[in-house]
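Here is data.csv, consisting of CSV, C-alpha atoms:
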```csv
chain,number,residue,atom,x,y,z
T,1,LEU,CA,-3.3,-1.7,-21.8
T,2,PHE,CA,-6.0,0.0,-19.8
T,3,SER,CA,-7.7,1.2,-23.0
T,4,LYS,CA,-7.6,-2.4,-24.4
T,5,ILE,CA,-9.1,-3.8,-21.3
T,6,ILE,CA,-11.8,-1.1,-21.2
T,7,SER,CA,-12.7,-1.8,-24.8
T,8,VAL,CA,-13.9,-5.3,-23.8
T,9,PHE,CA,-16.3,-3.9,-21.2
T,10,TYR,CA,-17.3,-1.1,-23.6
T,11,PHE,CA,-18.4,-3.8,-26.1
T,12,LEU,CA,-20.2,-5.9,-23.4
T,13,SER,CA,-22.0,-2.8,-22.1
T,14,GLY,CA,-23.1,-1.5,-25.5
T,15,GLY,CA,-20.9,1.6,-25.0
T,16,SER,CA,-22.4,2.6,-21.6
T,17,TYR,CA,-20.0,4.5,-19.4
T,18,TRP,CA,-22.0,3.7,-16.3
T,19,ILE,CA,-22.2,0.0,-16.9
T,20,THR,CA,-18.5,-0.1,-17.7
T,21,SER,CA,-17.8,1.7,-14.4
T,22,ALA,CA,-20.0,-0.8,-12.6
T,23,TYR,CA,-18.0,-3.7,-14.1
T,24,LEU,CA,-14.7,-2.2,-12.9
T,25,SER,CA,-16.1,-1.4,-9.5
T,26,LEU,CA,-17.4,-5.0,-9.1
T,27,ILE,CA,-14.0,-6.5,-10.1
T,28,ASN,CA,-12.3,-4.3,-7.6
T,29,PHE,CA,-14.8,-5.1,-4.8
T,30,ILE,CA,-14.4,-8.9,-5.4
T,31,CYS,CA,-10.6,-8.7,-5.2
T,32,ILE,CA,-10.7,-6.5,-2.1
T,33,HIS,CA,-13.3,-8.7,-0.5
T,34,LYS,CA,-11.0,-11.8,-1.0
T,35,LEU,CA,-8.2,-9.9,0.6
T,36,VAL,CA,-10.2,-9.0,3.6
T,37,GLN,CA,-11.4,-12.6,3.9
T,38,GLU,CA,-7.8,-13.8,3.9
T,39,LEU,CA,-6.8,-11.2,6.5
T,40,ASN,CA,-9.7,-12.2,8.7
T,41,THR,CA,-8.7,-15.9,8.5
T,42,SER,CA,-5.1,-15.2,9.2
T,43,PHE,CA,-5.7,-12.7,12.0
T,44,PRO,CA,-9.3,-13.3,13.2
T,45,GLU,CA,-9.0,-11.1,16.2
T,46,TYR,CA,-8.7,-8.0,14.0
T,47,LYS,CA,-11.6,-8.5,11.7
T,48,ARG,CA,-13.2,-5.1,12.4
T,49,ALA,CA,-9.9,-3.3,11.7
T,50,PHE,CA,-9.6,-4.8,8.3
T,51,SER,CA,-13.3,-4.3,7.4
T,52,MET,CA,-13.2,-0.6,8.4
T,53,SER,CA,-9.9,0.0,6.5
T,54,PHE,CA,-10.9,-1.7,3.2
T,55,TYR,CA,-14.7,-1.2,3.1
T,56,PHE,CA,-15.4,2.2,4.7
T,57,LEU,CA,-12.5,4.6,4.0
T,58,PRO,CA,-14.2,7.3,1.8
T,59,THR,CA,-11.2,8.2,-0.4
T,60,PHE,CA,-10.2,4.6,-0.9
T,61,VAL,CA,-13.8,3.6,-1.9
T,62,PHE,CA,-14.1,6.6,-4.1
T,63,TRP,CA,-10.9,6.3,-6.1
T,64,THR,CA,-11.2,2.5,-6.6
T,65,SER,CA,-14.8,2.7,-7.9
T,66,GLY,CA,-15.5,3.5,-11.5
T,67,LEU,CA,-13.7,4.0,-14.8
T,68,LEU,CA,-10.2,4.5,-13.3
T,69,LYS,CA,-6.9,2.7,-13.5
T,70,GLU,CA,-7.0,2.4,-9.7
T,71,SER,CA,-10.0,0.1,-9.9
T,72,LEU,CA,-8.0,-2.5,-11.7
T,73,ALA,CA,-4.6,-1.8,-10.2
T,74,LEU,CA,-5.8,-2.0,-6.6
T,75,GLY,CA,-7.8,-5.1,-7.5
T,76,ALA,CA,-4.6,-6.7,-8.9
T,77,LEU,CA,-2.6,-5.6,-5.9
T,78,ALA,CA,-5.1,-7.3,-3.6
T,79,VAL,CA,-4.8,-10.5,-5.6
T,80,LEU,CA,-1.0,-10.5,-5.1
T,81,VAL,CA,-1.2,-9.9,-1.4
T,82,THR,CA,-4.0,-12.4,-0.9
T,83,THR,CA,-2.2,-15.2,-2.7
T,84,ILE,CA,1.1,-14.7,-0.7
T,85,ILE,CA,-0.6,-14.5,2.7
T,86,ASN,CA,-2.7,-17.6,1.9
T,87,PHE,CA,0.3,-19.5,0.7
T,88,ASN,CA,2.3,-18.5,3.9
T,89,ARG,CA,-0.6,-19.6,6.0
T,90,THR,CA,-1.5,-22.9,4.4
T,91,LYS,CA,1.8,-23.9,2.7
T,92,LYS,CA,-0.3,-25.4,0.0
T,93,TYR,CA,0.4,-24.8,-3.7
T,94,LYS,CA,-2.5,-23.5,-5.6
T,95,LYS,CA,-3.9,-24.8,-8.9
T,96,VAL,CA,-2.0,-23.8,-12.1
T,97,SER,CA,-5.0,-21.7,-13.1
T,98,GLU,CA,-4.8,-19.7,-9.9
T,99,TRP,CA,-1.1,-19.0,-10.3
T,100,LEU,CA,-1.7,-17.9,-13.9
T,101,PHE,CA,-4.3,-15.5,-12.5
T,102,PHE,CA,-1.6,-14.3,-10.1
T,103,ALA,CA,0.8,-13.8,-12.9
T,104,GLY,CA,-1.8,-11.9,-14.9
T,105,SER,CA,-2.5,-9.7,-11.9
T,106,THR,CA,1.2,-9.0,-11.6
T,107,MET,CA,1.4,-7.9,-15.2
T,108,ILE,CA,-1.7,-5.7,-14.9
T,109,LEU,CA,-0.3,-4.0,-11.8
T,110,TRP,CA,3.1,-3.5,-13.4
T,111,GLU,CA,1.6,-2.0,-16.6
T,112,LEU,CA,-0.9,0.3,-14.9
T,113,LYS,CA,1.0,1.3,-11.7
T,114,TYR,CA,4.6,0.2,-12.0
T,115,TYR,CA,5.6,2.2,-8.9
T,116,TYR,CA,3.1,0.2,-6.8
T,117,ALA,CA,4.5,-3.0,-8.2
T,118,ALA,CA,8.1,-1.9,-7.7
T,119,VAL,CA,7.5,-1.6,-4.0
T,120,VAL,CA,5.1,-4.4,-3.2
T,121,ILE,CA,6.6,-7.2,-5.3
T,122,PRO,CA,10.0,-7.2,-3.4
T,123,ILE,CA,8.1,-7.1,-0.1
T,124,LEU,CA,5.9,-10.1,-1.0
T,125,VAL,CA,8.8,-12.1,-2.3
T,126,THR,CA,10.6,-11.3,1.0
T,127,LEU,CA,7.7,-12.6,3.0
T,128,LEU,CA,7.5,-15.7,0.8
T,129,VAL,CA,11.2,-16.4,1.5
T,130,TYR,CA,10.9,-15.6,5.2
T,131,PHE,CA,8.1,-18.1,5.8
T,132,SER,CA,9.8,-20.7,3.7
T,133,ILE,CA,12.9,-20.9,5.8
T,134,ASN,CA,11.6,-19.5,9.2
T,135,LYS,CA,12.1,-22.8,11.0
T,136,ARG,CA,15.8,-21.9,11.3
T,137,LYS,CA,16.2,-20.2,14.7
T,138,TYR,CA,18.9,-17.9,13.6
T,139,PHE,CA,16.8,-16.4,10.8
T,140,HIS,CA,15.9,-13.0,12.4
T,141,PRO,CA,13.2,-10.8,10.9
T,142,ALA,CA,15.9,-8.2,10.4
T,143,ILE,CA,16.9,-10.3,7.4
T,144,ILE,CA,13.7,-9.1,5.8
T,145,LEU,CA,15.4,-5.8,5.3
T,146,VAL,CA,18.3,-7.4,3.6
T,147,ILE,CA,16.2,-9.5,1.3
T,148,TRP,CA,13.9,-6.5,0.5
T,149,LEU,CA,16.9,-4.3,-0.4
T,150,GLY,CA,18.2,-7.1,-2.7
T,151,GLY,CA,14.8,-7.3,-4.3
T,152,ILE,CA,14.7,-3.5,-4.9
T,153,VAL,CA,18.1,-3.7,-6.6
T,154,LEU,CA,16.9,-6.6,-8.9
T,155,ILE,CA,13.6,-4.9,-9.8
T,156,SER,CA,15.4,-1.6,-10.6
T,157,VAL,CA,16.6,-3.1,-13.9
T,158,LEU,CA,13.1,-3.9,-15.1
T,159,HIS,CA,12.0,-0.3,-15.7
T,160,TYR,CA,13.9,2.7,-17.0
T,161,ASN,CA,12.5,5.0,-14.4
T,162,LEU,CA,13.4,2.6,-11.6
T,163,SER,CA,17.1,2.5,-12.4
T,164,LEU,CA,19.1,3.3,-9.2
T,165,SER,CA,21.3,5.6,-11.2
T,166,ARG,CA,18.4,7.9,-12.2
T,167,VAL,CA,15.5,7.2,-9.8
T,168,MET,CA,16.1,10.5,-8.0
T,169,GLU,CA,16.3,12.3,-11.3
T,170,VAL,CA,12.9,10.9,-12.3
T,171,VAL,CA,11.4,11.9,-8.9
T,172,TYR,CA,12.8,15.4,-9.3
T,173,GLN,CA,11.5,15.8,-12.8
T,174,ASN,CA,8.0,14.7,-11.7
T,175,TYR,CA,8.3,17.1,-8.8
T,176,GLN,CA,9.1,20.0,-11.1
T,177,LYS,CA,6.2,19.2,-13.4
T,178,SER,CA,3.7,18.9,-10.6
T,179,ASN,CA,4.9,21.8,-8.5
T,180,THR,CA,3.4,24.5,-10.8
T,181,GLU,CA,0.0,24.3,-8.9
T,182,SER,CA,-0.8,26.8,-6.2
T,183,VAL,CA,-1.9,24.1,-3.8
T,184,GLY,CA,0.9,21.6,-3.2
T,185,ILE,CA,3.9,20.5,-1.0
T,186,HIS,CA,6.7,23.0,-1.0
T,187,TYR,CA,10.0,21.4,0.0
T,188,TYR,CA,13.1,23.1,1.4
T,189,HIS,CA,15.8,23.3,-1.3
T,190,PHE,CA,14.8,20.1,-3.0
T,191,ASP,CA,17.1,19.8,-6.0
T,192,GLY,CA,16.9,16.1,-6.7
T,193,SER,CA,20.0,15.3,-4.6
T,194,TRP,CA,20.1,12.7,-1.9
T,195,TYR,CA,20.8,15.5,0.6
T,196,GLY,CA,17.6,17.4,-0.4
T,197,PHE,CA,15.7,14.1,-0.2
T,198,LEU,CA,16.9,13.3,3.3
T,199,ILE,CA,16.2,16.8,4.8
T,200,ASN,CA,12.7,16.8,3.4
T,201,PHE,CA,12.0,13.2,4.3
T,202,PRO,CA,9.9,14.0,7.4
T,203,LEU,CA,7.7,16.5,5.5
T,204,ALA,CA,7.3,14.1,2.6
T,205,LEU,CA,6.2,11.3,5.0
T,206,PHE,CA,3.7,13.5,6.9
T,207,SER,CA,2.3,14.8,3.6
T,208,GLY,CA,2.1,11.4,2.0
T,209,LEU,CA,0.1,10.1,5.0
T,210,PHE,CA,-2.0,13.1,6.3
T,211,ARG,CA,-2.3,15.8,3.7
T,212,PRO,CA,-4.2,17.7,2.4
T,213,MET,CA,-5.1,19.1,5.9
T,214,PHE,CA,-7.7,21.8,6.6
T,215,PHE,CA,-5.1,24.6,5.8
T,216,ASP,CA,-4.4,23.2,2.4
T,217,VAL,CA,-7.9,23.0,0.9
T,218,THR,CA,-9.9,25.5,-1.2
T,219,ASN,CA,-13.0,23.6,-2.1
T,220,ILE,CA,-15.6,21.3,-0.6
T,221,LEU,CA,-14.1,18.1,-1.9
T,222,GLY,CA,-10.8,19.1,-0.4
T,223,VAL,CA,-12.5,19.7,2.9
T,224,LEU,CA,-14.0,16.2,2.9
T,225,VAL,CA,-10.6,14.7,2.3
T,226,SER,CA,-8.9,16.8,5.0
T,227,ILE,CA,-11.5,15.7,7.5
T,228,GLU,CA,-10.7,12.0,6.8
T,229,ASN,CA,-6.9,12.7,7.1
T,230,LEU,CA,-7.4,14.7,10.3
T,231,ALA,CA,-9.5,11.8,11.8
T,232,VAL,CA,-6.8,9.2,10.9
T,233,LEU,CA,-4.1,11.4,12.4
T,234,ALA,CA,-6.2,11.8,15.6
T,235,ILE,CA,-6.8,8.1,15.8
T,236,MET,CA,-3.1,7.4,15.4
T,237,ILE,CA,-2.1,9.8,18.2
T,238,PHE,CA,-4.8,8.2,20.4
T,239,GLY,CA,-3.6,4.7,19.5
T,240,ILE,CA,0.0,5.5,20.2
T,241,TRP,CA,-0.9,7.0,23.6
T,242,LYS,CA,-3.2,4.1,24.5
T,243,SER,CA,-0.9,1.3,23.4
T,244,ASN,CA,2.4,2.9,24.4
T,245,PHE,CA,3.4,2.0,20.8
T,246,LYS,CA,4.2,-1.6,21.7
T,247,ILE,CA,4.2,-3.1,18.3
T,248,SER,CA,6.4,-6.1,17.8
T,249,VAL,CA,8.6,-5.3,14.7
T,250,LYS,CA,9.7,-9.0,15.0
T,251,ASN,CA,6.5,-9.8,13.2
T,252,PRO,CA,7.3,-9.9,9.5
T,253,TYR,CA,3.9,-8.7,8.4
T,254,ILE,CA,4.2,-5.5,10.6
T,255,LEU,CA,7.7,-4.8,9.3
T,256,ALA,CA,6.6,-5.5,5.7
T,257,THR,CA,3.6,-3.2,5.9
T,258,LEU,CA,5.7,-0.4,7.4
T,259,LEU,CA,8.3,-0.7,4.6
T,260,TYR,CA,5.5,-0.7,2.0
T,261,VAL,CA,3.6,2.3,3.5
T,262,VAL,CA,6.6,4.5,4.2
T,263,SER,CA,8.3,3.8,0.9
T,264,LEU,CA,5.3,4.7,-1.2
T,265,ALA,CA,4.1,7.6,0.9
T,266,VAL,CA,7.5,9.3,0.7
T,267,LEU,CA,8.2,8.6,-3.0
T,268,LEU,CA,4.7,9.7,-4.1
T,269,ALA,CA,4.8,12.8,-1.9
T,270,PHE,CA,8.1,13.8,-3.7
T,271,SER,CA,6.9,12.8,-7.2
T,272,SER,CA,3.4,14.3,-6.9
T,273,PRO,CA,3.5,17.4,-4.6
T,274,ASN,CA,0.1,18.4,-6.0
T,275,LEU,CA,-2.2,17.4,-3.1
T,276,GLY,CA,-5.2,16.7,-5.3
T,277,SER,CA,-3.3,14.1,-7.3
T,278,LEU,CA,-1.6,12.7,-4.1
T,279,SER,CA,-5.0,12.0,-2.5
T,280,ARG,CA,-5.7,9.7,-5.4
T,281,TYR,CA,-2.4,8.0,-5.7
T,282,LYS,CA,-2.2,7.3,-1.9
T,283,VAL,CA,-5.0,4.7,-2.2
T,284,GLY,CA,-2.3,2.2,-3.0
T,285,TYR,CA,-1.2,2.2,0.6
T,286,TRP,CA,-3.9,4.1,2.5
T,287,PRO,CA,-6.0,1.1,3.8
T,288,PHE,CA,-2.9,-0.8,4.9
T,289,PHE,CA,-1.8,2.2,6.9
T,290,VAL,CA,-5.2,2.7,8.5
T,291,SER,CA,-5.3,-1.0,9.4
T,292,MET,CA,-2.1,-0.6,11.4
T,293,ILE,CA,-3.4,2.5,13.1
T,294,LEU,CA,-6.6,0.6,14.1
T,295,LEU,CA,-4.4,-2.3,15.5
T,296,LEU,CA,-2.9,0.3,17.8
T,297,ILE,CA,-6.4,0.9,19.2
T,298,TYR,CA,-6.9,-2.9,19.6
T,299,LYS,CA,-3.6,-3.0,21.4
T,300,GLY,CA,-4.8,-0.4,23.9
T,301,ASN,CA,-7.9,-2.5,24.6
T,302,LYS,CA,-6.1,-5.8,25.0
T,303,LYS,CA,-3.1,-7.1,26.9
T,304,GLY,CA,0.0,-8.0,24.9
T,305,GLN,CA,1.6,-6.8,21.7
T,306,ILE,CA,-0.1,-6.3,18.3
T,307,LEU,CA,0.5,-9.2,15.9
T,308,GLN,CA,3.3,-10.7,18.1
T,309,GLU,CA,6.0,-12.6,16.4
T,310,PRO,CA,4.2,-15.6,14.9
T,311,ASP,CA,4.5,-19.1,16.5
T,312,LEU,CA,6.5,-20.8,13.7
T,313,LYS,CA,5.5,-24.2,14.8
T,314,ASN,CA,1.8,-23.5,15.0
T,315,HIS,CA,1.5,-21.0,12.2
T,316,HIS,CA,-2.0,-21.4,10.6
```

Let me see the file written as structure tokens.
Amino acid sequence: LFSKIISVFYFLSGGSYWITSAYLSLINFICIHKLVQELNTSFPEYKRAFSMSFYFLPTFVFWTSGLLKESLALGALAVLVTTIINFNRTKKYKKVSEWLFFAGSTMILWELKYYYAAVVIPILVTLLVYFSINKRKYFHPAIILVIWLGGIVLISVLHYNLSLSRVMEVVYQNYQKSNTESVGIHYYHFDGSWYGFLINFPLALFSGLFRPMFFDVTNILGVLVSIENLAVLAIMIFGIWKSNFKISVKNPYILATLLYVVSLAVLLAFSSPNLGSLSRYKVGYWPFFVSMILLLIYKGNKKGQILQEPDLKNHH
């Protein structure tokens, strides 16, 4: 699919690699910009956090600019997130053409990066359901977990590699293929079993979020990535200390973002222990994670909790 899409831009650019790269970069930027605009409208007090996370993260900007699948995949993901947040905020149905664009973006994301889609689609559907029936007082945000798990089960039948009966086998196979590199994540007795998965979960989560670190790198590009990771880790520690970690998990957006980030970070760290590849794949959740870290800083500067449970009667 990516080759077919690229062939169109190849024709329009007269076969120029650089012009084709510029087209893809522009498409990605427009989609990301729309997402940031929607986030700023929904949560105006955190505009700077969203701008810094989606516009100025070096690895995110680098891996979503140019002739790469990530340019289109992350643009498509941004369209999905923007559409759902906008609908939850306005409760207005979009035009048929806009929903067709939404459907097309879903297809592109699924075909290019099905593992991103497999995690984000159930979460977005969960948010849609939540905000559709949240007037009921007994509907606690914990129900988000139940709906999300149900969505995971349903989407597992849509792709062979996502089948619940063999997902760990697929993860282990990818781990074995990628673990031949000298620079990578080395797990303790990971054999593809759920036991091996659970005991290595903390290492996978840390690696998926903060590695490569300075002790992992062997070249200048790795050094630059490790500096960014170390800076984000330092900011997170500072934010936790300054805010006393008072984040309201009753807010569905906070809970949904945590589910998305943790799920992808862990699965990708297991499936792609090569740190060079991981630094590229993590762009699917990296700006969302950094946004949450920056919200911790905002919490420390203001009274009250970050993104408190929304006022259901006066939701924008």

What does the distance between CA of Val119 (chain T) and CA of His186 (chain T) come to in Å, to one decimal place? 24.8 Å

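Minimum distance to Lys177 (chain T) across T:Pro273, T:Phe102, T:Tyr195, T:Trp110 (counting all atoms listed in the file) occurs at T:Pro273.
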
I'd like the interatomic distance between CA of Phe210 (chain T) and CA of Ala231 (chain T), to a tenth of an Å.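 About the pair CA of Phe210 (chain T) and CA of Ala231 (chain T): they are 9.4 Å apart.
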
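For region 52-69 of chain T, the set of protein, DNA and RNA residues having any atom at most 7 Å away, when counting all atoms listed in the file and skipping those fewer than 4 positions along the same chain, is T:Phe2, T:Thr20, T:Ser21, T:Ala22, T:Leu24, T:Ser25, T:Asn28, T:Arg48, T:Ala73, T:Leu112, T:Arg280, T:Val283, T:Pro287, T:Val290, T:Ser291.
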
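The residue that comes closest to Thr41 (chain T), out of T:Leu100, T:Ala265, T:Ile85, T:Val225 and on the basis of only C-alpha atoms, is T:Ile85.
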
Who sits within 10 Å of Trp99 (chain T), only C-alpha atoms, same chain under 5 positions skipped, as a list in words: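 Contacts, with the query itself left out: Leu80, Thr83, Tyr93, Lys94, Gly104 and Ser105 of chain T.
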
Name the residues in contact with Leu124 (chain T) at a cut-off of 12 Å, using only C-alpha atoms, excluding same-chain residues fewer than 2 positions from it; report them as a ChimeraX atom specification. /T:77-88,106,117-122,126-131,144,147-148,151-152,252-253,255-257,259-260

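Distances here use only C-alpha atoms; by that measure, the residue among T:Ser178, T:Ser71, T:Thr90, T:Asn229 closest to Gly284 (chain T) is T:Ser71.
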
Atom-to-atom span, CA of Leu295 (chain T) and CA of Glu228 (chain T), Å: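 Distance between the two atoms: 17.9 Å.
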
For Thr218 (chain T), which residue out of T:Leu198, T:Met292, T:Leu203, T:Leu275 is the nearest one, using all atoms listed in the file?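 For Thr218 (chain T), the nearest of the candidates is T:Leu275.
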
Find the residues around region 213-217 of chain T up to 12 Å (only C-alpha atoms counted), leave out those fewer than 2 positions away in its own chain, and share them as an MDAnalysis selection string. chainID T and resid 182:186 206:211 219:233 274:276 279

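Considering only C-alpha atoms, the residue among T:Leu268, T:Leu12, T:Ser277, T:Met236 positioned nearest to Phe289 (chain T) is T:Met236.
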
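In this comparison, which uses all atoms listed in the file, the residue of T:Val266, T:Met168, T:Leu35, T:Met107 approaching Gly192 (chain T) most closely is T:Met168.
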
Using the partial input, fill out region 80-94 of chain T with N, CA, C and O atoms; write the result as an mmCIF file, keeping the file's coordinate frame.
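This went into out.cif:
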```
data_model
loop_
_atom_site.group_PDB
_atom_site.id
_atom_site.type_symbol
_atom_site.label_atom_id
_atom_site.label_comp_id
_atom_site.auth_asym_id
_atom_site.auth_seq_id
_atom_site.Cartn_x
_atom_site.Cartn_y
_atom_site.Cartn_z
ATOM 1 N N LEU T 80 -2.410 -10.165 -5.430
ATOM 2 C CA LEU T 80 -1.000 -10.500 -5.100
ATOM 3 C C LEU T 80 -0.876 -10.739 -3.579
ATOM 4 O O LEU T 80 -0.315 -11.746 -3.133
ATOM 5 N N VAL T 81 -1.372 -9.779 -2.808
ATOM 6 C CA VAL T 81 -1.200 -9.900 -1.400
ATOM 7 C C VAL T 81 -2.008 -11.062 -0.806
ATOM 8 O O VAL T 81 -1.516 -11.805 0.050
ATOM 9 N N THR T 82 -3.219 -11.273 -1.314
ATOM 10 C CA THR T 82 -4.000 -12.400 -0.900
ATOM 11 C C THR T 82 -3.349 -13.727 -1.131
ATOM 12 O O THR T 82 -3.311 -14.615 -0.259
ATOM 13 N N THR T 83 -2.797 -13.882 -2.311
ATOM 14 C CA THR T 83 -2.200 -15.200 -2.700
ATOM 15 C C THR T 83 -0.970 -15.461 -1.807
ATOM 16 O O THR T 83 -0.806 -16.599 -1.341
ATOM 17 N N ILE T 84 -0.124 -14.475 -1.551
ATOM 18 C CA ILE T 84 1.100 -14.700 -0.700
ATOM 19 C C ILE T 84 0.723 -14.997 0.709
ATOM 20 O O ILE T 84 1.277 -15.918 1.328
ATOM 21 N N ILE T 85 -0.200 -14.246 1.280
ATOM 22 C CA ILE T 85 -0.600 -14.500 2.700
ATOM 23 C C ILE T 85 -1.222 -15.877 2.803
ATOM 24 O O ILE T 85 -0.955 -16.616 3.764
ATOM 25 N N ASN T 86 -2.067 -16.241 1.838
ATOM 26 C CA ASN T 86 -2.700 -17.600 1.900
ATOM 27 C C ASN T 86 -1.681 -18.674 1.774
ATOM 28 O O ASN T 86 -1.752 -19.676 2.496
ATOM 29 N N PHE T 87 -0.694 -18.517 0.901
ATOM 30 C CA PHE T 87 0.300 -19.500 0.700
ATOM 31 C C PHE T 87 1.183 -19.648 2.019
ATOM 32 O O PHE T 87 1.518 -20.756 2.468
ATOM 33 N N ASN T 88 1.526 -18.516 2.623
ATOM 34 C CA ASN T 88 2.300 -18.500 3.900
ATOM 35 C C ASN T 88 1.527 -19.208 4.991
ATOM 36 O O ASN T 88 2.115 -19.852 5.865
ATOM 37 N N ARG T 89 0.217 -19.047 4.966
ATOM 38 C CA ARG T 89 -0.600 -19.600 6.000
ATOM 39 C C ARG T 89 -0.843 -21.124 5.837
ATOM 40 O O ARG T 89 -0.774 -21.905 6.781
ATOM 41 N N THR T 90 -1.120 -21.537 4.616
ATOM 42 C CA THR T 90 -1.500 -22.900 4.400
ATOM 43 C C THR T 90 -0.352 -23.812 3.916
ATOM 44 O O THR T 90 -0.417 -25.031 4.066
ATOM 45 N N LYS T 91 0.678 -23.184 3.326
ATOM 46 C CA LYS T 91 1.800 -23.900 2.700
ATOM 47 C C LYS T 91 1.329 -24.888 1.656
ATOM 48 O O LYS T 91 1.959 -25.909 1.390
ATOM 49 N N LYS T 92 0.197 -24.565 1.039
ATOM 50 C CA LYS T 92 -0.300 -25.400 0.000
ATOM 51 C C LYS T 92 -0.214 -24.687 -1.363
ATOM 52 O O LYS T 92 -0.538 -23.511 -1.477
ATOM 53 N N TYR T 93 0.261 -25.420 -2.350
ATOM 54 C CA TYR T 93 0.400 -24.800 -3.700
ATOM 55 C C TYR T 93 -0.994 -24.768 -4.332
ATOM 56 O O TYR T 93 -1.786 -25.713 -4.274
ATOM 57 N N LYS T 94 -1.257 -23.651 -4.951
ATOM 58 C CA LYS T 94 -2.500 -23.500 -5.600
ATOM 59 C C LYS T 94 -2.550 -24.152 -6.971
ATOM 60 O O LYS T 94 -1.524 -24.630 -7.454
#
```
